[in-house]
>>> print(open('final.txt').read())   # compact mmCIF, C-alpha atoms
# COMPACT_ATOMS: atom_id res chain seq x y z
CA MET A 6 -21.69 12.40 10.69
CA LEU A 7 -23.07 15.92 11.05
CA LYS A 8 -21.04 16.35 14.23
CA GLU A 9 -17.77 15.43 12.53
CA ARG A 10 -18.42 17.73 9.58
CA ILE A 11 -19.23 20.63 11.90
CA GLU A 12 -16.06 19.97 13.88
CA LEU A 13 -13.86 20.01 10.77
CA LEU A 14 -15.45 23.17 9.40
CA SER A 15 -15.15 24.88 12.79
CA LYS A 16 -11.51 23.87 12.98
CA ARG A 17 -10.83 25.36 9.55
CA LYS A 18 -12.64 28.57 10.43
CA GLN A 19 -11.02 28.63 13.88
CA ILE A 20 -14.41 29.22 15.48
CA SER A 21 -15.38 27.71 18.82
CA ARG A 22 -18.63 25.82 19.45
CA LYS A 23 -19.70 28.68 21.73
CA ASP A 24 -19.17 31.32 19.05
CA LEU A 25 -20.71 29.14 16.37
CA VAL A 26 -24.12 28.96 18.10
CA GLU A 27 -23.98 32.30 19.94
CA GLY A 28 -27.43 33.92 19.72
CA LEU A 29 -28.90 30.96 17.83
CA VAL A 30 -29.33 28.09 20.30
CA THR A 31 -27.86 26.94 23.59
CA GLN A 32 -24.71 24.84 23.47
CA ALA A 33 -26.51 22.02 25.31
CA HIS A 34 -29.33 21.94 22.75
CA PHE A 35 -26.85 22.02 19.85
CA ALA A 36 -24.92 19.14 21.43
CA ASN A 37 -28.15 17.12 21.47
CA ILE A 38 -28.67 17.93 17.78
CA LEU A 39 -25.15 16.73 16.94
CA ALA A 40 -25.82 13.57 18.95
CA ASP A 41 -28.93 12.93 16.78
CA ARG A 42 -31.27 13.36 19.75
CA TYR A 43 -33.04 16.33 18.14
CA PRO A 44 -33.53 17.18 14.46
CA LEU A 45 -31.62 20.08 12.90
CA PRO A 46 -34.06 22.90 11.95
CA GLU A 47 -33.49 24.42 8.50
CA ASP A 48 -33.26 27.98 9.80
CA LEU A 49 -30.57 26.97 12.30
CA ALA A 50 -28.70 25.09 9.56
CA GLU A 51 -28.78 28.19 7.35
CA ALA A 52 -27.43 30.41 10.13
CA ILE A 53 -24.63 27.96 11.03
CA ALA A 54 -23.75 27.43 7.37
CA GLY A 55 -23.38 31.18 6.97
CA ARG A 56 -20.96 31.37 9.87
CA LEU A 57 -18.96 28.43 8.50
CA GLY A 58 -18.92 29.73 4.94
CA VAL A 59 -20.74 26.81 3.31
CA SER A 60 -24.14 26.21 1.74
CA PRO A 61 -27.07 25.20 3.98
CA SER A 62 -27.36 21.87 2.12
CA TYR A 63 -23.77 21.05 3.09
CA ILE A 64 -24.97 21.08 6.70
CA LEU A 65 -28.46 19.69 6.26
CA LYS A 66 -27.43 16.71 4.11
CA ALA A 67 -24.17 15.86 5.86
CA ALA A 68 -25.53 12.69 7.49
CA ALA A 69 -27.75 11.62 4.57
CA GLN A 70 -27.75 7.86 3.97
CA ASP A 71 -30.69 7.52 1.57
CA GLU A 72 -30.69 5.06 -1.32
CA GLU A 73 -29.45 7.62 -3.87
CA THR A 74 -26.51 8.60 -1.63
CA ILE A 75 -25.50 4.98 -1.01
CA GLU A 76 -25.72 4.20 -4.73
CA ARG A 77 -23.50 7.16 -5.66
CA ALA A 78 -20.91 6.10 -3.09
CA GLU A 79 -20.99 2.51 -4.39
CA VAL A 80 -20.39 3.71 -7.95
CA ILE A 81 -17.36 5.74 -6.85
CA PHE A 82 -15.96 2.80 -4.91
CA GLU A 83 -16.37 0.45 -7.88
CA GLN A 84 -14.75 2.96 -10.24
CA MET A 85 -11.73 3.48 -8.01
CA SER A 86 -11.16 -0.01 -6.56
CA VAL A 87 -9.31 -1.24 -9.66
CA PRO A 88 -5.54 -0.84 -10.27
CA ALA A 89 -4.55 2.80 -10.74
CA SER A 90 -3.22 2.03 -14.22
CA ALA A 91 -6.77 1.15 -15.27
CA ILE A 92 -8.17 4.52 -14.11
CA SER A 93 -7.84 7.57 -16.34
CA GLU A 94 -6.83 10.90 -14.85
CA ASP A 95 -10.03 12.36 -16.29
CA THR A 96 -12.06 9.91 -14.19
CA VAL A 97 -10.25 10.98 -11.02
CA HIS A 98 -10.50 14.71 -11.78
CA ALA A 99 -14.21 14.34 -12.54
CA LEU A 100 -14.88 13.20 -8.97
CA ALA A 101 -15.76 16.28 -6.95
CA ASP A 102 -13.81 16.71 -3.73
CA ARG A 103 -16.83 18.21 -1.98
CA ASP A 104 -20.27 16.66 -1.67
CA ASP A 105 -23.25 17.58 0.49
CA THR A 106 -23.24 14.06 1.93
CA LEU A 107 -20.27 12.97 3.99
CA THR A 108 -20.71 9.37 2.82
CA VAL A 109 -19.95 10.31 -0.78
CA GLU A 110 -17.33 12.93 0.08
CA LEU A 111 -15.30 10.70 2.40
CA THR A 112 -15.56 7.67 0.10
CA THR A 113 -14.18 9.82 -2.72
CA ALA A 114 -11.29 11.11 -0.60
CA LEU A 115 -10.30 7.64 0.61
CA MET A 116 -10.29 6.17 -2.90
CA LYS A 117 -8.36 9.12 -4.31
CA ALA A 118 -5.75 8.61 -1.58
CA VAL A 119 -5.38 4.96 -2.62
CA TYR A 120 -5.03 6.08 -6.26
CA TYR A 121 -2.29 8.60 -5.42
CA GLN A 122 -0.48 6.05 -3.29
CA GLN A 123 -0.42 3.54 -6.15
CA LEU A 124 0.99 6.20 -8.47
CA ASN A 125 3.58 7.26 -5.87
CA ASP A 126 2.23 10.80 -6.15
CA VAL A 127 3.59 11.88 -2.77
CA THR A 128 2.51 15.51 -3.07
CA ALA A 129 -1.14 14.76 -3.85
CA HIS A 130 -1.24 11.95 -1.29
CA GLU A 131 0.14 14.19 1.44
CA TYR A 132 -2.15 17.09 0.57
CA ILE A 133 -5.38 15.09 0.70
CA HIS A 134 -4.36 13.80 4.14
CA THR A 135 -3.28 17.06 5.72
CA SER A 136 -6.18 19.05 4.29
CA TYR A 137 -8.94 16.53 4.88
CA LEU A 138 -8.37 12.83 5.52
CA ASN A 139 -6.32 12.91 8.71
CA PHE A 140 -9.24 14.45 10.59
CA TYR A 141 -11.74 11.81 9.51
CA LEU A 142 -9.31 8.91 9.89
CA GLU A 143 -8.97 9.89 13.53
CA LYS A 144 -12.76 9.70 13.87
CA TYR A 145 -13.51 6.68 11.66
CA GLY A 146 -10.13 4.91 11.51
CA ARG A 147 -11.54 1.70 12.99
CA PRO A 148 -14.34 0.74 10.57
CA ASP A 149 -15.26 -2.39 12.55
CA ASP A 150 -16.11 -0.31 15.62
CA ILE A 151 -18.32 2.27 13.91
CA ASP A 152 -21.74 1.98 12.27
CA LEU A 153 -21.14 3.51 8.83
CA PRO A 154 -22.80 3.09 5.42
CA ARG A 155 -21.62 -0.02 3.55
CA PRO A 156 -19.71 1.71 0.70
CA LEU A 157 -17.87 3.92 3.19
CA VAL A 158 -16.90 0.89 5.28
CA LYS A 159 -15.55 -0.78 2.14
CA ALA A 160 -13.59 2.34 1.21
CA LEU A 161 -12.09 2.54 4.72
CA LEU A 162 -11.12 -1.13 4.69
CA PHE A 163 -9.63 -0.85 1.20
CA TYR A 164 -7.67 2.23 2.25
CA LYS A 165 -6.39 0.44 5.36
CA ILE A 166 -5.34 -2.58 3.31
CA GLN A 167 -3.26 -0.44 0.94
CA TYR A 168 -1.77 1.47 3.86
CA TYR A 169 -0.71 -1.66 5.73
CA ARG A 170 0.61 -3.26 2.53
CA SER A 171 2.88 -0.26 2.08
CA LYS A 172 4.13 -0.80 5.65
CA MET A 173 4.57 -4.57 5.14
CA ALA A 174 2.18 -5.10 8.08
CA PHE A 175 0.51 -8.20 6.65
CA VAL A 176 -1.24 -9.34 9.82
CA ASP A 177 -3.26 -6.11 9.61
CA VAL A 178 -3.66 -6.55 5.84
CA LEU A 179 -5.15 -9.99 6.41
CA THR A 180 -7.53 -8.75 9.12
CA HIS A 181 -8.94 -5.98 6.93
CA ALA A 182 -8.96 -8.07 3.73
CA THR A 183 -10.95 -10.82 5.47
CA ARG A 184 -13.50 -8.24 6.61
CA LEU A 185 -13.67 -6.67 3.16
CA SER A 186 -14.08 -10.06 1.51
CA GLU A 187 -17.25 -10.56 3.54
CA LEU A 188 -18.69 -7.35 2.07
CA ALA A 189 -17.85 -8.24 -1.55
CA LEU A 190 -20.14 -10.22 -3.85
CA PRO A 191 -18.60 -13.72 -4.16
CA GLY A 192 -17.25 -14.31 -7.66
CA SER A 193 -17.29 -10.62 -8.58
CA GLU A 194 -14.27 -8.85 -10.01
CA PHE A 195 -13.67 -7.04 -6.75
CA TRP A 196 -14.05 -10.21 -4.70
CA LEU A 197 -11.37 -11.85 -6.85
CA SER A 198 -9.03 -8.89 -6.27
CA VAL A 199 -9.50 -9.23 -2.51
CA GLN A 200 -8.75 -12.97 -2.72
CA ASN A 201 -5.41 -12.15 -4.35
CA ILE A 202 -4.64 -9.76 -1.49
CA LYS A 203 -5.60 -12.40 1.08
CA MET A 204 -3.36 -14.93 -0.62
CA GLU A 205 -0.46 -12.48 -0.59
CA ALA A 206 -1.05 -11.75 3.11
CA TYR A 207 -1.31 -15.44 4.06
CA ILE A 208 2.04 -16.08 2.35
CA GLN A 209 3.69 -13.16 4.14
CA VAL A 210 2.49 -14.33 7.56
CA LYS A 211 3.53 -17.91 6.70
CA GLN A 212 0.02 -19.39 6.76
CA TYR A 213 0.75 -21.46 3.68
CA GLU A 214 -2.13 -23.92 3.89
CA GLU A 215 -4.63 -21.06 4.01
CA ALA A 216 -2.88 -19.41 1.04
CA LYS A 217 -3.25 -22.61 -0.99
CA GLN A 218 -6.94 -22.88 -0.07
CA VAL A 219 -7.56 -19.31 -1.25
CA PHE A 220 -5.75 -20.07 -4.52
CA GLU A 221 -7.78 -23.21 -5.19
CA LEU A 222 -11.08 -21.50 -4.32
CA THR A 223 -10.28 -18.54 -6.55
CA MET A 224 -9.13 -20.74 -9.43
CA ARG A 225 -12.43 -22.65 -9.32
CA HIS A 226 -14.38 -19.39 -9.58
CA VAL A 227 -12.21 -18.20 -12.47
CA TYR A 228 -12.79 -21.36 -14.50
CA ASP A 229 -16.46 -21.78 -13.53
CA GLN A 230 -17.24 -18.21 -14.57
CA ARG A 231 -14.79 -18.30 -17.51
CA MET A 232 -13.04 -15.19 -16.18
CA PHE A 233 -9.81 -16.05 -17.96
CA HIS A 234 -8.57 -12.45 -17.82
CA ARG A 235 -7.87 -13.19 -14.15
CA LEU A 236 -5.56 -16.15 -14.78
CA SER A 237 -2.29 -14.23 -15.14
CA GLY A 238 -2.74 -12.33 -11.89
CA LEU A 239 -3.71 -15.52 -10.09
CA TYR A 240 -0.63 -17.37 -11.34
CA VAL A 241 1.59 -14.46 -10.25
CA ALA A 242 0.15 -14.77 -6.73
CA TYR A 243 0.57 -18.55 -6.84
CA SER A 244 4.21 -18.15 -7.82
CA GLY A 245 4.76 -16.27 -4.56
CA TYR A 246 3.18 -19.16 -2.64
CA CYS A 247 5.37 -21.75 -4.36
CA PHE A 248 8.54 -19.74 -3.79
CA ALA A 249 7.72 -19.25 -0.11
CA MET A 250 7.31 -23.04 0.18
CA GLY A 251 10.74 -23.56 -1.39
CA LEU A 252 9.27 -24.88 -4.65
CA VAL A 253 11.43 -22.72 -6.91
CA GLN A 254 10.83 -24.53 -10.18
CA GLU A 255 7.07 -24.60 -9.58
CA ALA A 256 7.19 -20.89 -8.83
CA LEU A 257 9.01 -20.19 -12.10
CA SER A 258 6.57 -22.47 -13.96
CA ALA A 259 3.66 -20.48 -12.48
CA LEU A 260 5.21 -17.30 -13.88
CA THR A 261 5.47 -18.98 -17.28
CA MET A 262 1.75 -19.80 -17.05
CA ALA A 263 1.05 -16.19 -16.06
CA GLU A 264 2.92 -14.99 -19.14
CA ALA A 265 1.13 -17.49 -21.39
CA ASN A 266 -2.29 -16.21 -20.26
CA LEU A 267 -1.47 -12.52 -20.75
CA VAL A 268 -3.46 -12.63 -23.97
CA TYR A 269 -6.66 -12.65 -21.88
CA ALA A 270 -5.60 -9.88 -19.50
CA GLY A 271 -6.81 -6.31 -19.71
CA ASN A 272 -4.01 -4.76 -17.64
CA GLN A 273 -1.08 -6.42 -19.38
CA GLY A 274 1.39 -3.67 -18.48
CA ASP A 275 1.00 -4.19 -14.73
CA LEU A 276 1.18 -7.94 -15.06
CA VAL A 277 4.26 -7.92 -17.28
CA THR A 278 6.00 -5.86 -14.58
CA ALA A 279 4.83 -8.22 -11.81
CA ILE A 280 5.95 -11.31 -13.74
CA ALA A 281 9.36 -9.81 -14.51
CA ASN A 282 9.77 -8.64 -10.90
CA ASN A 283 8.97 -12.04 -9.41
CA ARG A 284 11.19 -13.88 -11.87
CA ILE A 285 14.19 -11.57 -11.40
CA VAL A 286 13.87 -11.61 -7.60
CA MET A 287 13.54 -15.40 -7.49
CA LEU A 288 16.51 -16.00 -9.79
CA THR A 289 18.65 -13.52 -7.84
CA MET A 290 17.76 -15.02 -4.45
CA THR A 291 18.50 -18.57 -5.66
CA GLY A 292 21.88 -17.56 -7.09
CA GLU A 293 20.90 -17.96 -10.75
CA LEU A 294 22.58 -14.65 -11.50
CA ASP A 295 23.20 -15.15 -15.23
CA GLN A 296 19.53 -15.92 -15.75
CA ALA A 297 18.55 -12.98 -13.54
CA GLN A 298 20.76 -10.66 -15.62
CA ALA A 299 19.17 -12.01 -18.82
CA GLU A 300 15.70 -11.35 -17.41
CA ILE A 301 16.67 -7.78 -16.49
CA GLU A 302 17.83 -7.18 -20.05
CA ARG A 303 14.65 -8.76 -21.44
CA PHE A 304 12.55 -6.55 -19.18
CA GLU A 305 14.45 -3.47 -20.38
CA SER A 306 13.81 -4.44 -24.01
CA LEU A 307 10.09 -4.74 -23.28
CA LEU A 308 10.16 -1.29 -21.67
CA GLN A 309 11.54 0.17 -24.89
CA GLN A 310 8.11 -0.46 -26.42
CA GLU A 311 6.38 1.58 -23.71
CA THR A 312 5.87 5.33 -23.43
CA GLU A 313 8.71 7.54 -22.20
CA GLU A 314 6.71 8.21 -19.03
CA THR A 315 6.48 4.48 -18.28
CA GLN A 316 10.18 3.98 -18.98
CA LEU A 317 11.09 6.76 -16.55
CA ALA A 318 8.76 5.32 -13.91
CA MET A 319 10.37 1.87 -14.23
CA GLN A 320 13.97 3.08 -14.28
CA PRO A 321 14.45 3.00 -10.46
CA LEU A 322 13.13 -0.57 -10.35
CA VAL A 323 15.55 -1.70 -13.05
CA SER A 324 18.41 0.01 -11.18
CA VAL A 325 17.50 -1.90 -8.01
CA TYR A 326 17.54 -5.18 -9.97
CA ARG A 327 21.01 -4.38 -11.32
CA CYS A 328 22.24 -3.44 -7.83
CA GLU A 329 21.00 -6.73 -6.38
CA VAL A 330 22.75 -8.84 -9.01
CA ALA A 331 25.97 -6.82 -8.71
CA LEU A 332 25.89 -7.14 -4.90
CA ALA A 333 25.32 -10.90 -5.11
CA ARG A 334 28.30 -11.16 -7.48
CA LYS A 335 30.37 -8.80 -5.32
CA ASN A 336 31.06 -6.85 -8.49
CA TRP A 337 31.77 -3.58 -6.72
CA GLY A 338 32.48 -1.55 -9.86
CA VAL A 339 29.14 -2.42 -11.44
CA LEU A 340 27.40 -1.90 -8.08
CA ALA A 341 28.87 1.60 -7.75
CA GLN A 342 27.64 2.54 -11.23
CA SER A 343 24.19 1.05 -10.60
CA VAL A 344 23.83 2.85 -7.24
CA ASP A 345 24.72 6.18 -8.86
CA GLN A 346 22.04 5.52 -11.48
CA LEU A 347 19.54 4.62 -8.78
CA LEU A 348 20.21 7.83 -6.87
CA LYS A 349 19.58 9.88 -10.02
CA CYS A 350 16.14 8.39 -10.60
CA ALA A 351 14.90 7.32 -7.12
CA THR A 352 11.44 8.71 -6.38
CA THR A 353 10.38 6.83 -3.25
CA GLN A 354 11.81 6.50 0.24
CA ASP A 355 12.25 2.77 -0.29
CA GLN A 356 14.41 3.37 -3.37
CA GLN A 357 16.47 6.03 -1.56
CA MET A 358 16.98 3.77 1.46
CA SER A 359 17.96 0.90 -0.86
CA ALA A 360 20.63 3.14 -2.41
CA THR A 361 21.94 3.92 1.08
CA PHE A 362 22.01 0.19 1.84
CA TYR A 363 24.08 -0.51 -1.29
CA HIS A 364 26.42 2.37 -0.44
CA SER A 365 27.01 0.85 2.99
CA HIS A 366 28.13 -2.41 1.39
CA LEU A 367 30.38 -0.61 -1.05
CA ALA A 368 32.05 1.13 1.88
CA LEU A 369 32.46 -2.15 3.77
CA ALA A 370 33.94 -3.84 0.69
CA HIS A 371 36.53 -1.04 0.44
CA GLY A 372 37.38 -1.29 4.15
CA ASP A 373 35.84 2.06 5.08
CA ARG A 374 34.15 0.98 8.29
CA GLU A 375 33.22 4.45 9.48
CA VAL A 376 31.27 5.19 6.30
CA PHE A 377 29.73 1.73 6.44
CA MET A 378 28.38 2.32 9.94
CA GLU A 379 27.18 5.80 9.04
CA ARG A 380 25.24 4.53 6.01
CA ALA A 381 24.00 1.42 7.80
CA LEU A 382 22.64 3.47 10.72
CA ALA A 383 20.97 5.84 8.24
CA CYS A 384 18.88 3.11 6.61
CA LEU A 385 18.50 0.63 9.48
CA PRO A 386 15.43 2.29 11.13
CA TYR A 387 13.56 2.27 7.83
CA PHE A 388 14.18 -1.43 7.14
CA GLU A 389 13.44 -2.33 10.76
CA SER A 390 10.09 -0.56 10.57
CA ALA A 391 9.28 -2.44 7.36
CA GLN A 392 10.74 -5.72 8.74
CA HIS A 393 12.69 -6.13 5.49
CA VAL A 394 14.56 -9.36 6.28
CA MET A 395 16.67 -9.38 3.10
CA ARG A 396 18.10 -5.99 4.06
CA LEU A 397 18.31 -6.54 7.81
CA GLU A 398 20.32 -9.78 7.78
CA PRO A 399 23.42 -8.34 6.05
CA LEU A 400 23.09 -5.07 7.96
CA TYR A 401 23.01 -6.75 11.39
CA GLU A 402 25.85 -9.10 10.47
CA GLY A 403 28.05 -6.31 9.07
CA MET A 404 27.33 -3.96 11.98
CA ALA A 405 28.07 -6.71 14.51
CA VAL A 406 31.42 -7.56 12.91
CA VAL A 407 32.48 -3.89 12.56
CA SER A 408 31.43 -3.11 16.15
CA GLU A 409 33.41 -6.10 17.39
CA ASP A 410 36.50 -4.99 15.43
CA GLN A 411 36.14 -1.54 16.98
CA ARG A 412 35.95 -3.19 20.43
CA LYS A 413 32.40 -2.00 20.94
CA TYR A 414 31.41 -5.36 22.37
CA LYS A 415 28.10 -4.27 23.84
CA GLU A 416 26.90 -2.96 20.47
CA ALA A 417 28.25 -6.04 18.70
CA ALA A 418 26.31 -8.31 21.08
CA MET A 419 23.14 -6.31 20.44
CA TYR A 420 23.42 -6.70 16.64
CA TYR A 421 24.21 -10.41 16.97
CA ARG A 422 21.11 -10.85 19.15
CA LYS A 423 18.99 -9.07 16.55
CA LEU A 424 20.45 -11.27 13.82
CA VAL A 425 19.73 -14.47 15.76
CA TYR A 426 16.17 -13.34 16.48
CA LEU A 427 15.67 -12.58 12.79
CA LEU A 428 16.99 -15.97 11.70
CA ARG A 429 14.78 -17.78 14.21
CA LYS A 430 11.71 -16.10 12.79
CA LYS A 431 12.46 -17.25 9.24
>>> encode(input="final.txt", output="structure tokens")
Amino acid sequence: MLKERIELLSKRKQISRKDLVEGLVTQAHFANILADRYPLPEDLAEAIAGRLGVSPSYILKAAAQDEETIERAEVIFEQMSVPASAISEDTVHALADRDDTLTVELTTALMKAVYYQQLNDVTAHEYIHTSYLNFYLEKYGRPDDIDLPRPLVKALLFYKIQYYRSKMAFVDVLTHATRLSELALPGSEFWLSVQNIKMEAYIQVKQYEEAKQVFELTMRHVYDQRMFHRLSGLYVAYSGYCFAMGLVQEALSALTMAEANLVYAGNQGDLVTAIANNRIVMLTMTGELDQAQAEIERFESLLQQETEETQLAMQPLVSVYRCEVALARKNWGVLAQSVDQLLKCATTQDQQMSATFYHSHLALAHGDREVFMERALACLPYFESAQHVMRLEPLYEGMAVVSEDQRKYKEAAMYYRKLVYLLRKK
């Protein structure tokens, strides 16, 4: 770990290894020190620290893995491994970005990155990567292959899980969540959170029997330990399982159970949003559009009781809901208004690409095939990278038909092939 810290500091100072140890020690001897073959003398650490512009302790303690260091890293991981809405900004700001030990420093950076990602704070998320994390992720990005302290391994796995979830890469989510589950204390709050992630991943990769087993195991722990505050979140996850199995009414009943148990939950705001999201999406996908519209309006009325900041944060989501219902109804006037509203408040790439998707369908509905193709091609790479089936199906079908009408038969055949492949995978 000393080697990696020296490399990053040297990179920042734009100083070569040769210049760093010039007149102090041979490069060969210093390489052996960085490889942990020889100890690092204090006087050498002081001289190198001076050239790198840091304190001697920042060099001497870089690789420390004593009990106190491990405990501090564990505390930071526990503090930051809960939903971002349950973490105060003061808690995050109180965590120092720099620490003499790399174990604590890197654990802090990884967990802050997860926090910023959950808040959609793109600026902070990007900065912590470009200024610090990208370097260490290149070195330690495969936690299973490297012998690192336990809390740092957990932080890396947790970071990877959140990253792959954002990319809809659930095979990788499942791999890392399974590994992280092995490092968590069975029955603990964090272990339960990981079980929910595993259940979500199993559903996404269509391993339904495994998803049900995780649900039943987790439910037993919740009731045995009387951890009723976990019931709502568990029922939300179970609703996803039921819906994936085609059990629509059971899925909606699970959401009703989730709502009924909100009284025990500590993070009611997050759960209310998750319940509303699942219910609206399910009703829209099953064609129950009047009920979906009623749920959207109910969700908006609940938001009126929240802070202005929360209302603004939820506005893009509500606009997407309205767009989906309008598209399903082929109500082009309402869709145009809803897309305009979405564009005004969109804060993420997904929301912006969704607006482009809706614009493409508006153009197709009005017979403007050139604009349709332009908009469809603009958002297609994003939805292909995320494997967003609900977006890709209508895009491939529309692009195939338009290409065929334009006598671009080779392109039409390509889009039809992609559509068939997508349908076979369902």
>>> closest_atom_pairs(input="final.txt", of="segment 93-194 of chain A", to="segment 204-217 of chain A", cutoff="8 Å", atoms="all atoms listed in the file", output="tab-separated table")
residue	atom	partner	partner_atom	distance
A:Phe175	CA	A:Ala206	CA	5.3
A:Val176	CA	A:Val210	CA	6.6
A:Val178	CA	A:Ala206	CA	6.4
A:Leu179	CA	A:Ala206	CA	5.5
>>> residues_around(input="final.txt", residues="Arg56 of chain A", least_positions_apart="6", cutoff="12 Å", atoms="all atoms listed in the file", output="ChimeraX atom specification")
/A:11,14-15,17-22,24-27,29,49-50,64
>>> residues_around(input="final.txt", residues="Leu239 of chain A", least_positions_apart="3", cutoff="9 Å", atoms="all atoms listed in the file", output="ChimeraX atom specification")
/A:201,220,223-224,235-236,242-244,263
>>> closest_residue(input="final.txt", among="A:His134, A:Lys8, A:Arg374, A:His393", to="Ala405 of chain A", atoms="all atoms listed in the file")
A:Arg374
>>> residues_around(input="final.txt", residues="Asn272 of chain A", least_positions_apart="5", cutoff="12 Å", atoms="all atoms listed in the file", output="list of chain:residue names")
A:Val87, A:Pro88, A:Ala89, A:Ser90, A:Ala91, A:Ile92, A:His234, A:Arg235, A:Leu236, A:Ser237, A:Gly238, A:Asn266, A:Leu267, A:Val277, A:Thr278, A:Ala279
>>> write_last_selection(input="final.txt", atoms="C-alpha atoms", output="PDB file, in the frame of the given file")
ATOM      1  CA  VAL A  87      -9.310  -1.240  -9.660  1.00  0.00           C
ATOM      2  CA  PRO A  88      -5.540  -0.840 -10.270  1.00  0.00           C
ATOM      3  CA  ALA A  89      -4.550   2.800 -10.740  1.00  0.00           C
ATOM      4  CA  SER A  90      -3.220   2.030 -14.220  1.00  0.00           C
ATOM      5  CA  ALA A  91      -6.770   1.150 -15.270  1.00  0.00           C
ATOM      6  CA  ILE A  92      -8.170   4.520 -14.110  1.00  0.00           C
ATOM      7  CA  HIS A 234      -8.570 -12.450 -17.820  1.00  0.00           C
ATOM      8  CA  ARG A 235      -7.870 -13.190 -14.150  1.00  0.00           C
ATOM      9  CA  LEU A 236      -5.560 -16.150 -14.780  1.00  0.00           C
ATOM     10  CA  SER A 237      -2.290 -14.230 -15.140  1.00  0.00           C
ATOM     11  CA  GLY A 238      -2.740 -12.330 -11.890  1.00  0.00           C
ATOM     12  CA  ASN A 266      -2.290 -16.210 -20.260  1.00  0.00           C
ATOM     13  CA  LEU A 267      -1.470 -12.520 -20.750  1.00  0.00           C
ATOM     14  CA  VAL A 277       4.260  -7.920 -17.280  1.00  0.00           C
ATOM     15  CA  THR A 278       6.000  -5.860 -14.580  1.00  0.00           C
ATOM     16  CA  ALA A 279       4.830  -8.220 -11.810  1.00  0.00           C
TER      17      ALA A 279
END
>>> atom_distance(input="final.txt", atom1="atom CA of Ala33 of chain A", atom2="atom CA of Leu65 of chain A")
19.3 Å
>>> closest_residue(input="final.txt", among="A:Glu110, A:Tyr246, A:Asp275, A:Thr135", to="Glu221 of chain A", atoms="all atoms listed in the file")
A:Tyr246
>>> atom_distance(input="final.txt", atom1="atom CA of Leu322 of chain A", atom2="atom CA of Gln122 of chain A")
16.7 Å
>>> residues_around(input="final.txt", residues="Ile280 of chain A", least_positions_apart="5", cutoff="8 Å", atoms="all atoms listed in the file", output="PyMOL selection string")
chain A and resi 241+260+263-264
>>> atom_distance(input="final.txt", atom1="atom CA of Thr289 of chain A", atom2="atom CA of Leu347 of chain A")
18.2 Å
